[in-house]
>>> print(open('query.cif').read())   # mmCIF, C-alpha atoms
data_structure
loop_
_atom_site.label_atom_id
_atom_site.label_comp_id
_atom_site.auth_asym_id
_atom_site.auth_seq_id
_atom_site.Cartn_x
_atom_site.Cartn_y
_atom_site.Cartn_z
CA MET A 1172 55.98 -78.84 -2.84
CA PRO A 1173 53.54 -76.44 -1.30
CA ARG A 1174 51.35 -74.63 -3.73
CA ARG A 1175 51.87 -70.97 -4.15
CA HIS A 1176 48.73 -68.94 -4.30
CA ARG A 1177 48.81 -65.88 -6.39
CA SER A 1178 47.45 -62.94 -4.53
CA LYS A 1179 44.43 -61.33 -6.17
CA LYS A 1180 45.13 -57.75 -7.03
CA LYS A 1181 42.33 -55.26 -6.48
CA ARG A 1182 41.53 -53.27 -9.53
CA ILE A 1183 40.89 -49.60 -8.83
CA THR A 1184 39.10 -47.66 -11.53
CA LEU A 1185 40.01 -44.00 -11.62
CA VAL A 1186 38.25 -43.11 -14.82
CA LEU A 1187 35.02 -41.96 -13.17
CA ALA A 1188 36.58 -39.31 -10.98
CA PRO A 1189 37.66 -36.90 -13.72
CA VAL A 1190 34.32 -37.36 -15.48
CA ALA A 1191 32.47 -36.45 -12.30
CA ALA A 1192 34.71 -33.47 -11.80
CA VAL A 1193 34.04 -32.23 -15.32
CA ALA A 1194 30.30 -32.70 -14.85
CA VAL A 1195 30.38 -30.55 -11.75
CA ALA A 1196 32.57 -27.91 -13.33
CA VAL A 1197 30.33 -27.26 -16.34
CA PRO A 1198 27.34 -25.76 -14.51
CA LEU A 1199 29.65 -23.75 -12.31
CA MET A 1200 31.21 -22.15 -15.36
CA ASN A 1201 27.76 -21.44 -16.83
CA GLN A 1202 26.63 -19.73 -13.66
CA ALA A 1203 29.74 -17.62 -13.52
CA GLY A 1204 29.32 -16.31 -17.05
CA ALA A 1205 25.55 -15.79 -17.23
CA ALA A 1206 23.89 -12.44 -16.58
CA THR A 1207 22.49 -12.24 -13.06
CA PRO A 1208 19.06 -10.71 -12.29
CA ASP A 1209 20.81 -7.63 -10.85
CA GLU A 1210 22.85 -7.24 -14.04
CA VAL A 1211 19.70 -7.59 -16.15
CA THR A 1212 18.02 -4.86 -14.10
CA ALA A 1213 21.02 -2.54 -14.35
CA ASP A 1214 21.44 -3.10 -18.11
CA CYS A 1215 17.74 -2.54 -18.80
CA SER A 1216 17.68 0.58 -16.64
CA ALA A 1217 20.74 2.02 -18.39
CA ASP A 1218 19.54 0.92 -21.83
CA SER A 1219 22.93 -0.78 -22.22
CA ASP A 1220 24.52 -1.22 -25.64
CA LYS A 1221 24.93 -4.89 -24.75
CA LEU A 1222 21.18 -5.37 -25.14
CA GLU A 1223 19.34 -6.27 -28.29
CA ASN A 1224 16.09 -5.69 -26.44
CA CYS A 1225 14.59 -5.41 -22.96
CA GLU A 1226 10.92 -6.11 -22.42
CA PHE A 1227 8.55 -5.81 -19.51
CA VAL A 1228 6.36 -8.92 -19.31
CA ASP A 1229 3.12 -8.35 -17.39
CA VAL A 1230 1.86 -11.07 -15.06
CA GLN A 1231 -0.90 -9.43 -13.01
CA PHE A 1232 -2.53 -6.05 -12.49
CA LYS A 1233 -4.67 -4.09 -10.05
CA ALA A 1234 -6.74 -1.13 -11.20
CA ASN A 1235 -7.82 1.75 -8.92
CA SER A 1236 -4.75 1.34 -6.72
CA LEU A 1237 -4.02 4.42 -4.61
CA GLY A 1238 -0.48 5.81 -4.70
CA PRO A 1239 1.56 7.58 -1.99
CA ASN A 1240 -0.08 10.20 0.23
CA GLN A 1241 1.16 13.65 -0.78
CA ARG A 1242 0.78 17.09 0.74
CA VAL A 1243 -0.28 19.24 -2.25
CA SER A 1244 -0.72 22.72 -0.75
CA THR A 1245 1.01 25.00 1.68
CA VAL A 1246 0.05 24.75 5.36
CA THR A 1247 -2.36 27.41 6.65
CA ASP A 1248 -1.82 28.30 10.31
CA ASN A 1249 -4.92 29.03 12.42
CA CYS A 1250 -3.19 28.23 15.71
CA GLY A 1251 -4.30 30.22 18.77
CA SER A 1252 -7.65 31.13 17.22
CA THR A 1253 -10.90 30.27 19.01
CA GLY A 1254 -12.91 30.34 15.81
CA THR A 1255 -12.81 28.84 12.35
CA ALA A 1256 -11.07 30.67 9.52
CA THR A 1257 -11.82 30.82 5.80
CA LYS A 1258 -8.62 30.23 3.85
CA THR A 1259 -7.67 30.04 0.18
CA PHE A 1260 -5.48 27.12 -0.83
CA ASN A 1261 -3.42 26.71 -3.99
CA VAL A 1262 -3.44 23.00 -4.80
CA SER A 1263 -0.87 21.64 -7.23
CA THR A 1264 0.65 18.30 -8.18
CA SER A 1265 1.03 16.08 -11.23
CA VAL A 1266 0.89 12.40 -12.12
CA THR A 1267 3.03 10.45 -14.55
CA ARG A 1268 3.73 6.87 -15.50
CA THR A 1269 6.39 5.26 -13.33
CA ILE A 1270 8.50 2.16 -13.96
CA GLN A 1271 9.78 0.72 -10.70
CA LEU A 1272 12.50 -1.89 -11.13
CA GLU A 1273 14.44 -3.94 -8.61
CA ASP A 1274 16.59 -2.10 -6.05
CA GLY A 1275 14.93 1.24 -6.68
CA PHE A 1276 15.93 1.55 -10.35
CA THR A 1277 13.64 3.52 -12.63
CA ALA A 1278 13.65 3.62 -16.41
CA ALA A 1279 13.14 6.54 -18.80
CA ALA A 1280 10.59 6.58 -21.62
CA ASP A 1281 13.18 6.54 -24.40
CA THR A 1282 14.71 3.24 -23.27
CA LYS A 1283 13.87 -0.16 -24.75
CA ILE A 1284 11.88 -1.06 -21.67
CA GLY A 1285 10.05 2.28 -21.89
CA ASN A 1286 8.88 1.37 -25.39
CA SER A 1287 7.74 -2.03 -24.15
CA VAL A 1288 5.76 -0.50 -21.29
CA PHE A 1289 4.06 1.91 -23.70
CA GLU A 1290 2.90 -0.97 -25.91
CA ILE A 1291 1.71 -3.12 -22.99
CA GLY A 1292 -0.39 -0.23 -21.70
CA VAL A 1293 -2.85 -0.70 -24.56
CA LYS A 1294 -4.53 -3.65 -22.85
CA PHE A 1295 -5.13 -1.66 -19.66
CA ASN A 1296 -6.57 1.41 -21.38
CA THR A 1297 -10.30 0.65 -21.48
CA SER A 1298 -13.57 2.50 -21.97
CA GLU A 1299 -14.00 2.50 -18.18
CA ILE A 1300 -10.43 3.36 -17.20
CA ASN A 1301 -8.31 5.85 -19.13
CA ILE A 1302 -4.59 5.64 -18.36
CA THR A 1303 -1.49 7.56 -19.42
CA ARG A 1304 0.71 5.08 -21.30
CA ASP A 1305 3.68 7.38 -21.96
CA ASP A 1306 5.67 9.52 -19.53
CA LYS A 1307 3.62 12.66 -20.11
CA ALA A 1308 2.78 14.48 -16.87
CA THR A 1309 -0.84 15.41 -16.18
CA ALA A 1310 -1.23 18.36 -13.83
CA LEU A 1311 -3.67 18.99 -11.03
CA ALA A 1312 -3.66 22.74 -10.28
CA PHE A 1313 -6.40 25.00 -8.90
CA SER A 1314 -7.34 27.31 -6.02
CA ARG A 1315 -10.23 26.84 -3.63
CA THR A 1316 -11.52 28.33 -0.40
CA ASP A 1317 -12.24 26.14 2.61
CA THR A 1318 -12.83 26.42 6.34
CA VAL A 1319 -10.01 25.59 8.77
CA ARG A 1320 -11.01 24.55 12.28
CA ALA A 1321 -10.14 26.66 15.33
CA ASN A 1322 -6.60 26.26 16.69
CA SER A 1323 -5.60 24.05 13.79
CA LEU A 1324 -3.31 23.75 10.81
CA GLY A 1325 -4.95 23.16 7.46
CA PHE A 1326 -3.66 21.79 4.14
CA PHE A 1327 -4.65 19.54 1.26
CA MET A 1328 -3.65 15.93 0.72
CA TRP A 1329 -3.73 13.85 -2.45
CA SER A 1330 -3.38 10.19 -3.39
CA ALA A 1331 -3.36 9.42 -7.12
CA LYS A 1332 -5.38 6.53 -8.46
CA ARG A 1333 -3.41 4.29 -10.81
CA THR A 1334 -3.30 0.89 -12.48
CA ASP A 1335 -0.50 -1.18 -10.95
CA VAL A 1336 0.87 -3.74 -13.42
CA SER A 1337 3.48 -6.15 -12.06
CA GLY A 1338 5.72 -8.63 -13.84
CA PHE A 1339 9.35 -9.27 -14.79
CA LEU A 1340 12.06 -8.17 -17.20
CA LYS A 1341 13.12 -10.20 -20.22
CA ALA A 1342 16.51 -9.10 -21.56
CA THR A 1343 17.88 -10.27 -24.90
CA TYR A 1344 21.63 -9.70 -25.24
CA LYS A 1345 23.45 -9.19 -28.53
CA GLU A 1346 26.18 -11.67 -27.59
CA GLU A 1347 25.63 -15.14 -26.20
CA GLN A 1348 26.61 -15.83 -22.62
CA ASN A 1349 27.41 -19.51 -22.25
CA GLY A 1350 25.12 -20.49 -25.06
CA GLN A 1351 22.12 -18.27 -24.37
CA LYS A 1352 21.04 -14.71 -25.02
CA VAL A 1353 17.86 -14.36 -22.96
CA PHE A 1354 17.89 -13.69 -19.21
CA PHE A 1355 15.27 -12.56 -16.69
CA SER A 1356 14.90 -10.36 -13.63
CA PRO A 1357 13.98 -11.24 -10.97
CA SER A 1358 12.97 -14.52 -12.64
CA GLU A 1359 10.62 -15.69 -15.36
CA GLY A 1360 7.10 -15.33 -13.96
CA GLY A 1361 8.18 -12.94 -11.19
CA THR A 1362 6.03 -9.98 -10.10
CA SER A 1363 8.42 -7.60 -8.34
CA VAL A 1364 8.78 -5.16 -11.27
CA HIS A 1365 5.96 -2.60 -11.24
CA VAL A 1366 4.60 -0.16 -13.80
CA PHE A 1367 2.21 2.42 -12.40
CA TYR A 1368 -0.08 3.91 -15.06
CA PRO A 1369 -1.91 7.01 -13.76
CA GLN A 1370 -5.67 6.96 -14.29
CA ILE A 1371 -7.21 10.06 -15.86
CA LEU A 1372 -10.80 11.26 -15.59
CA LYS A 1373 -12.83 12.00 -18.72
CA ASN A 1374 -12.46 15.76 -18.14
CA GLY A 1375 -8.66 15.39 -18.32
CA THR A 1376 -7.82 15.71 -14.62
CA PRO A 1377 -5.96 13.00 -12.70
CA ASP A 1378 -8.14 10.49 -10.89
CA GLY A 1379 -7.53 9.99 -7.17
CA ARG A 1380 -8.51 11.06 -3.68
CA LEU A 1381 -8.27 14.70 -2.53
CA TRP A 1382 -8.95 15.74 1.04
CA LEU A 1383 -8.63 18.71 3.39
CA ARG A 1384 -6.64 17.78 6.50
CA THR A 1385 -6.75 19.82 9.68
CA VAL A 1386 -4.40 19.11 12.58
CA GLU A 1387 -4.87 20.41 16.10
CA CYS A 1388 -2.10 22.84 17.10
CA GLY A 1389 0.23 21.99 19.99
CA THR A 1390 0.13 18.26 19.24
CA PRO A 1391 3.04 16.04 18.12
CA GLU A 1392 1.37 15.75 14.71
CA ALA A 1393 1.27 19.53 14.29
CA SER A 1394 4.91 19.91 15.40
CA GLY A 1395 5.99 17.32 12.84
CA ILE A 1396 4.24 19.22 10.06
CA GLN A 1397 5.57 22.64 11.10
CA ASN A 1398 9.15 21.36 11.24
CA SER A 1399 9.24 19.64 7.86
CA THR A 1400 8.78 20.31 4.18
CA ARG A 1401 6.08 18.50 2.24
CA ALA A 1402 8.68 16.89 -0.01
CA LEU A 1403 10.42 15.18 2.92
CA ARG A 1404 7.56 14.22 5.23
CA SER A 1405 5.62 10.97 4.87
CA GLU A 1406 1.96 11.60 5.67
CA PRO A 1407 -0.59 9.03 6.88
CA GLY A 1408 -3.44 8.11 4.58
CA PHE A 1409 -7.02 9.32 4.57
CA GLY A 1410 -8.63 8.79 7.98
CA ALA A 1411 -5.43 7.35 9.43
CA GLY A 1412 -3.96 10.46 11.09
CA GLY A 1413 -5.18 9.79 14.63
CA GLU A 1414 -7.43 11.62 17.07
CA ASN A 1415 -5.76 15.01 16.53
CA VAL A 1416 -6.31 14.93 12.77
CA THR A 1417 -9.54 15.48 10.83
CA ASP A 1418 -9.87 14.60 7.13
CA ILE A 1419 -12.67 15.82 4.83
CA GLU A 1420 -12.76 14.28 1.35
CA ILE A 1421 -13.39 16.60 -1.60
CA PRO A 1422 -15.63 15.18 -4.34
CA LEU A 1423 -13.82 14.83 -7.66
CA SER A 1424 -16.70 16.73 -9.27
CA GLU A 1425 -15.46 19.84 -7.43
CA ILE A 1426 -12.00 19.63 -9.02
CA PRO A 1427 -11.92 21.95 -12.07
CA ALA A 1428 -10.86 20.57 -15.44
CA PRO A 1429 -7.46 21.74 -16.75
#
>>> encode(input="query.cif", output="structure tokens")
Amino acid sequence: MPRRHRSKKKRITLVLAPVAAVAVAVPLMNQAGAATPDEVTADCSADSDKLENCEFVDVQFKANSLGPNQRVSTVTDNCGSTGTATKTFNVSTSVTRTIQLEDGFTAAADTKIGNSVFEIGVKFNTSEINITRDDKATALAFSRTDTVRANSLGFFMWSAKRTDVSGFLKATYKEEQNGQKVFFSPSEGGTSVHVFYPQILKNGTPDGRLWLRTVECGTPEASGIQNSTRALRSEPGFGAGGENVTDIEIPLSEIPAP
């Protein structure tokens, strides 16, 4: 009789598939439940009740950093004149500590992060550089007489000097989110969160650069100034206005103490 050969059955193991699926699913669930960097920023900015604490962690800093260029007096019009004119200018502005978070968020002094920023400021307040650690405003206000060129507009510009400290946010939540309480924005070791501490001179006035700017009338630069308010117009920096603009820096020694 012919021998019958038993066919060999292939064994298929299905046990690994569910295990792999579970392994993939776990991190996905963790990511879905954890606080994102945007949520950390929003919660810190709002001083959310969900937070146990929110801290600013400094990574690097740059002293003597100049801030935005600001027009700090009204514009004096000497257009059409063939001679110079002596004008009196009322100069006024103020400086204050600013916390600049992701996506344009700012944070108030009475928040958890505000307290953290106040404490961190100690290390940047030295015998050479005096900074404002809290959110107190320091005013710059005085009158002075200067000469405006013929057929020109004249006004004062200011750029505050400040210590720029950059780092990241460390948020500690009251309740665990998938096994952890601590989250960061933008990430641990990041440098996109900035705290600007204004630098103050020994006589109590803000440190910075002050200059008289004159702009030749009938030019595009003059038209832009005449058709805008100082709060809405972005001005070029010192010496960067172009051929129709003249800038004369005022020594800080000529700025009266408050």
>>> closest_residue(input="query.cif", among="A:Ala1234, A:Val1246, A:Val1288, A:Leu1272", to="Ile1300 (chain A)", atoms="only C-alpha atoms")
A:Ala1234
>>> closest_residue(input="query.cif", among="A:Cys1225, A:Ala1393, A:Thr1334, A:Gln1351", to="Gly1285 (chain A)", atoms="only C-alpha atoms")
A:Cys1225
>>> residues_around(input="query.cif", residues="Arg1242 (chain A)", least_positions_apart="3", cutoff="10 Å", atoms="all atoms listed in the file", output="PDB file with C-alpha atoms, keeping the file's coordinate frame")
ATOM      1  CA  PRO A1239       1.560   7.580  -1.990  1.00  0.00           C
ATOM      2  CA  THR A1245       1.010  25.000   1.680  1.00  0.00           C
ATOM      3  CA  VAL A1246       0.050  24.750   5.360  1.00  0.00           C
ATOM      4  CA  VAL A1262      -3.440  23.000  -4.800  1.00  0.00           C
ATOM      5  CA  SER A1263      -0.870  21.640  -7.230  1.00  0.00           C
ATOM      6  CA  THR A1264       0.650  18.300  -8.180  1.00  0.00           C
ATOM      7  CA  PHE A1326      -3.660  21.790   4.140  1.00  0.00           C
ATOM      8  CA  PHE A1327      -4.650  19.540   1.260  1.00  0.00           C
ATOM      9  CA  MET A1328      -3.650  15.930   0.720  1.00  0.00           C
ATOM     10  CA  TRP A1329      -3.730  13.850  -2.450  1.00  0.00           C
ATOM     11  CA  SER A1330      -3.380  10.190  -3.390  1.00  0.00           C
ATOM     12  CA  LEU A1381      -8.270  14.700  -2.530  1.00  0.00           C
ATOM     13  CA  TRP A1382      -8.950  15.740   1.040  1.00  0.00           C
ATOM     14  CA  LEU A1383      -8.630  18.710   3.390  1.00  0.00           C
ATOM     15  CA  ARG A1384      -6.640  17.780   6.500  1.00  0.00           C
ATOM     16  CA  THR A1400       8.780  20.310   4.180  1.00  0.00           C
ATOM     17  CA  ARG A1401       6.080  18.500   2.240  1.00  0.00           C
ATOM     18  CA  ALA A1402       8.680  16.890  -0.010  1.00  0.00           C
ATOM     19  CA  ARG A1404       7.560  14.220   5.230  1.00  0.00           C
ATOM     20  CA  SER A1405       5.620  10.970   4.870  1.00  0.00           C
ATOM     21  CA  GLU A1406       1.960  11.600   5.670  1.00  0.00           C
TER      22      GLU A1406
END
>>> resolve_selection(input="query.cif", expression="the PyMOL selection byres ((chain A and resi 1425) around 12)", output="CSV table (one decimal) with C-alpha atoms, in the coordinates of the input")
chain,number,residue,atom,x,y,z
A,1313,PHE,CA,-6.4,25.0,-8.9
A,1314,SER,CA,-7.3,27.3,-6.0
A,1315,ARG,CA,-10.2,26.8,-3.6
A,1316,THR,CA,-11.5,28.3,-0.4
A,1374,ASN,CA,-12.5,15.8,-18.1
A,1376,THR,CA,-7.8,15.7,-14.6
A,1380,ARG,CA,-8.5,11.1,-3.7
A,1381,LEU,CA,-8.3,14.7,-2.5
A,1382,TRP,CA,-9.0,15.7,1.0
A,1420,GLU,CA,-12.8,14.3,1.4
A,1421,ILE,CA,-13.4,16.6,-1.6
A,1422,PRO,CA,-15.6,15.2,-4.3
A,1423,LEU,CA,-13.8,14.8,-7.7
A,1424,SER,CA,-16.7,16.7,-9.3
A,1426,ILE,CA,-12.0,19.6,-9.0
A,1427,PRO,CA,-11.9,22.0,-12.1
A,1428,ALA,CA,-10.9,20.6,-15.4
>>> closest_residue(input="query.cif", among="A:Ile1302, A:Cys1388, A:Leu1237, A:Val1416", to="Pro1369 (chain A)", atoms="all atoms listed in the file")
A:Ile1302
>>> residues_around(input="query.cif", residues="Ser1337 (chain A)", least_positions_apart="2", cutoff="7 Å", atoms="all atoms listed in the file", output="NGL selection string")
:A and (1229-1232 or 1335 or 1362-1366)
>>> residues_around(input="query.cif", residues="Leu1222 (chain A)", least_positions_apart="3", cutoff="8 Å", atoms="only C-alpha atoms", output="CSV table (one decimal) with C-alpha atoms, keeping the file's coordinate frame")
chain,number,residue,atom,x,y,z
A,1214,ASP,CA,21.4,-3.1,-18.1
A,1215,CYS,CA,17.7,-2.5,-18.8
A,1218,ASP,CA,19.5,0.9,-21.8
A,1219,SER,CA,22.9,-0.8,-22.2
A,1225,CYS,CA,14.6,-5.4,-23.0
A,1342,ALA,CA,16.5,-9.1,-21.6
A,1343,THR,CA,17.9,-10.3,-24.9
A,1344,TYR,CA,21.6,-9.7,-25.2
A,1345,LYS,CA,23.4,-9.2,-28.5
>>> closest_residue(input="query.cif", among="A:Pro1429, A:Gly1375, A:Gly1338, A:Gly1412", to="Thr1390 (chain A)", atoms="only C-alpha atoms")
A:Gly1412
>>> residues_around(input="query.cif", residues="region 1277-1283 of chain A", least_positions_apart="3", cutoff="8 Å", atoms="all atoms listed in the file", output="PDB file with C-alpha atoms, in the frame of the given file")
ATOM      1  CA  CYS A1215      17.740  -2.540 -18.800  1.00  0.00           C
ATOM      2  CA  SER A1216      17.680   0.580 -16.640  1.00  0.00           C
ATOM      3  CA  ALA A1217      20.740   2.020 -18.390  1.00  0.00           C
ATOM      4  CA  ASP A1218      19.540   0.920 -21.830  1.00  0.00           C
ATOM      5  CA  ASN A1224      16.090  -5.690 -26.440  1.00  0.00           C
ATOM      6  CA  CYS A1225      14.590  -5.410 -22.960  1.00  0.00           C
ATOM      7  CA  GLU A1226      10.920  -6.110 -22.420  1.00  0.00           C
ATOM      8  CA  THR A1269       6.390   5.260 -13.330  1.00  0.00           C
ATOM      9  CA  ILE A1270       8.500   2.160 -13.960  1.00  0.00           C
ATOM     10  CA  GLN A1271       9.780   0.720 -10.700  1.00  0.00           C
ATOM     11  CA  LEU A1272      12.500  -1.890 -11.130  1.00  0.00           C
ATOM     12  CA  ASN A1286       8.880   1.370 -25.390  1.00  0.00           C
ATOM     13  CA  SER A1287       7.740  -2.030 -24.150  1.00  0.00           C
ATOM     14  CA  ASP A1305       3.680   7.380 -21.960  1.00  0.00           C
ATOM     15  CA  ASP A1306       5.670   9.520 -19.530  1.00  0.00           C
TER      16      ASP A1306
END
>>> residues_around(input="query.cif", residues="Lys1341 (chain A)", least_positions_apart="4", cutoff="8 Å", atoms="all atoms listed in the file", output="MDAnalysis selection string")
chainID A and resid 1225:1228 1353:1356 1359
>>> write_last_selection(input="query.cif", atoms="C-alpha atoms", output="compact mmCIF listing (two decimals), in the frame of the given file")
# COMPACT_ATOMS: atom_id res chain seq x y z
CA CYS A 1225 14.59 -5.41 -22.96
CA GLU A 1226 10.92 -6.11 -22.42
CA PHE A 1227 8.55 -5.81 -19.51
CA VAL A 1228 6.36 -8.92 -19.31
CA VAL A 1353 17.86 -14.36 -22.96
CA PHE A 1354 17.89 -13.69 -19.21
CA PHE A 1355 15.27 -12.56 -16.69
CA SER A 1356 14.90 -10.36 -13.63
CA GLU A 1359 10.62 -15.69 -15.36
>>> resolve_selection(input="query.cif", expression="the PyMOL selection byres ((chain A and resi 1258) around 9)", output="list in words")
Thr1247, Ala1256, Thr1257, Thr1259, Phe1260, Arg1315, Thr1316, Asp1317, Thr1318, Val1319 and Gly1325 of chain A
>>> closest_residue(input="query.cif", among="A:Ala1321, A:Ala1213, A:Phe1295, A:Pro1407", to="Thr1253 (chain A)", atoms="only C-alpha atoms")
A:Ala1321
>>> atom_distance(input="query.cif", atom1="CA of Asp1248 (chain A)", atom2="CA of Gly1389 (chain A)")
11.7 Å
>>> axis_aligned_box(input="query.cif", around="region 1262-1266 of chain A", padding_each_side="4 Å", output="lines of an AutoDock Vina configuration file")
center_x = -1.2
center_y = 17.7
center_z = -8.5
size_x = 12.5
size_y = 18.6
size_z = 15.3
>>> closest_residue(input="query.cif", among="A:Ser1399, A:Gly1254, A:Tyr1368, A:Glu1392", to="Val1293 (chain A)", atoms="all atoms listed in the file")
A:Tyr1368
>>> atom_distance(input="query.cif", atom1="CA of Pro1377 (chain A)", atom2="CA of Gly1238 (chain A)")
12.1 Å
>>> atom_distance(input="query.cif", atom1="CA of Ile1419 (chain A)", atom2="CA of Asn1322 (chain A)")
16.9 Å
>>> residues_near_point(input="query.cif", point="(19.4, -11.3, -9.5)", cutoff="8 Å", atoms="all atoms listed in the file", output="PyMOL selection string")
chain A and resi 1207-1211+1356-1358
>>> build_atoms(input="query.cif", residues="region 1345-1352 of chain A", atoms="all heavy atoms", output="tab-separated table (two decimals), in the frame of the given file")
chain	number	residue	atom	x	y	z
A	1345	LYS	N	22.93	-9.06	-27.16
A	1345	LYS	CA	23.45	-9.19	-28.53
A	1345	LYS	C	24.42	-10.37	-28.63
A	1345	LYS	O	24.46	-11.07	-29.65
A	1345	LYS	CB	24.16	-7.89	-28.94
A	1345	LYS	CG	23.23	-6.70	-29.06
A	1345	LYS	CD	24.02	-5.42	-29.36
A	1345	LYS	CE	23.10	-4.22	-29.44
A	1345	LYS	NZ	23.85	-2.96	-29.67
A	1346	GLU	N	25.20	-10.58	-27.59
A	1346	GLU	CA	26.18	-11.67	-27.59
A	1346	GLU	C	25.72	-12.78	-26.65
A	1346	GLU	O	25.14	-12.52	-25.58
A	1346	GLU	CB	27.55	-11.14	-27.12
A	1346	GLU	CG	28.11	-10.01	-27.98
A	1346	GLU	CD	28.46	-10.46	-29.39
A	1346	GLU	OE1	28.75	-11.67	-29.56
A	1346	GLU	OE2	28.45	-9.61	-30.29
A	1347	GLU	N	25.98	-14.01	-27.05
A	1347	GLU	CA	25.63	-15.14	-26.20
A	1347	GLU	C	26.49	-15.18	-24.95
A	1347	GLU	O	27.65	-14.79	-24.97
A	1347	GLU	CB	25.81	-16.46	-26.96
A	1347	GLU	CG	24.74	-16.71	-28.01
A	1347	GLU	CD	24.82	-18.13	-28.56
A	1347	GLU	OE1	25.76	-18.86	-28.18
A	1347	GLU	OE2	23.96	-18.50	-29.37
A	1348	GLN	N	25.89	-15.61	-23.87
A	1348	GLN	CA	26.61	-15.83	-22.62
A	1348	GLN	C	26.42	-17.29	-22.24
A	1348	GLN	O	25.33	-17.69	-21.82
A	1348	GLN	CB	26.08	-14.91	-21.53
A	1348	GLN	CG	26.23	-13.42	-21.88
A	1348	GLN	CD	25.80	-12.53	-20.74
A	1348	GLN	OE1	26.07	-12.81	-19.58
A	1348	GLN	NE2	25.13	-11.44	-21.06
A	1349	ASN	N	27.47	-18.07	-22.48
A	1349	ASN	CA	27.41	-19.51	-22.25
A	1349	ASN	C	26.24	-20.17	-22.96
A	1349	ASN	O	25.48	-20.94	-22.39
A	1349	ASN	CB	27.35	-19.81	-20.75
A	1349	ASN	CG	28.64	-19.47	-20.05
A	1349	ASN	OD1	29.72	-19.65	-20.59
A	1349	ASN	ND2	28.54	-18.96	-18.84
A	1350	GLY	N	26.09	-19.80	-24.23
A	1350	GLY	CA	25.12	-20.49	-25.06
A	1350	GLY	C	23.71	-19.93	-25.06
A	1350	GLY	O	22.83	-20.49	-25.71
A	1351	GLN	N	23.46	-18.85	-24.35
A	1351	GLN	CA	22.12	-18.27	-24.37
A	1351	GLN	C	22.18	-16.76	-24.38
A	1351	GLN	O	23.17	-16.15	-23.94
A	1351	GLN	CB	21.30	-18.76	-23.19
A	1351	GLN	CG	21.80	-18.29	-21.82
A	1351	GLN	CD	20.99	-18.89	-20.70
A	1351	GLN	OE1	21.28	-19.98	-20.21
A	1351	GLN	NE2	19.95	-18.18	-20.27
A	1352	LYS	N	21.11	-16.16	-24.90
A	1352	LYS	CA	21.04	-14.71	-25.02
A	1352	LYS	C	19.97	-14.09	-24.12
A	1352	LYS	O	20.01	-12.90	-23.85
A	1352	LYS	CB	20.73	-14.31	-26.47
A	1352	LYS	CG	21.89	-14.47	-27.44
A	1352	LYS	CD	21.51	-13.89	-28.80
A	1352	LYS	CE	22.69	-13.87	-29.76
A	1352	LYS	NZ	22.32	-13.22	-31.05
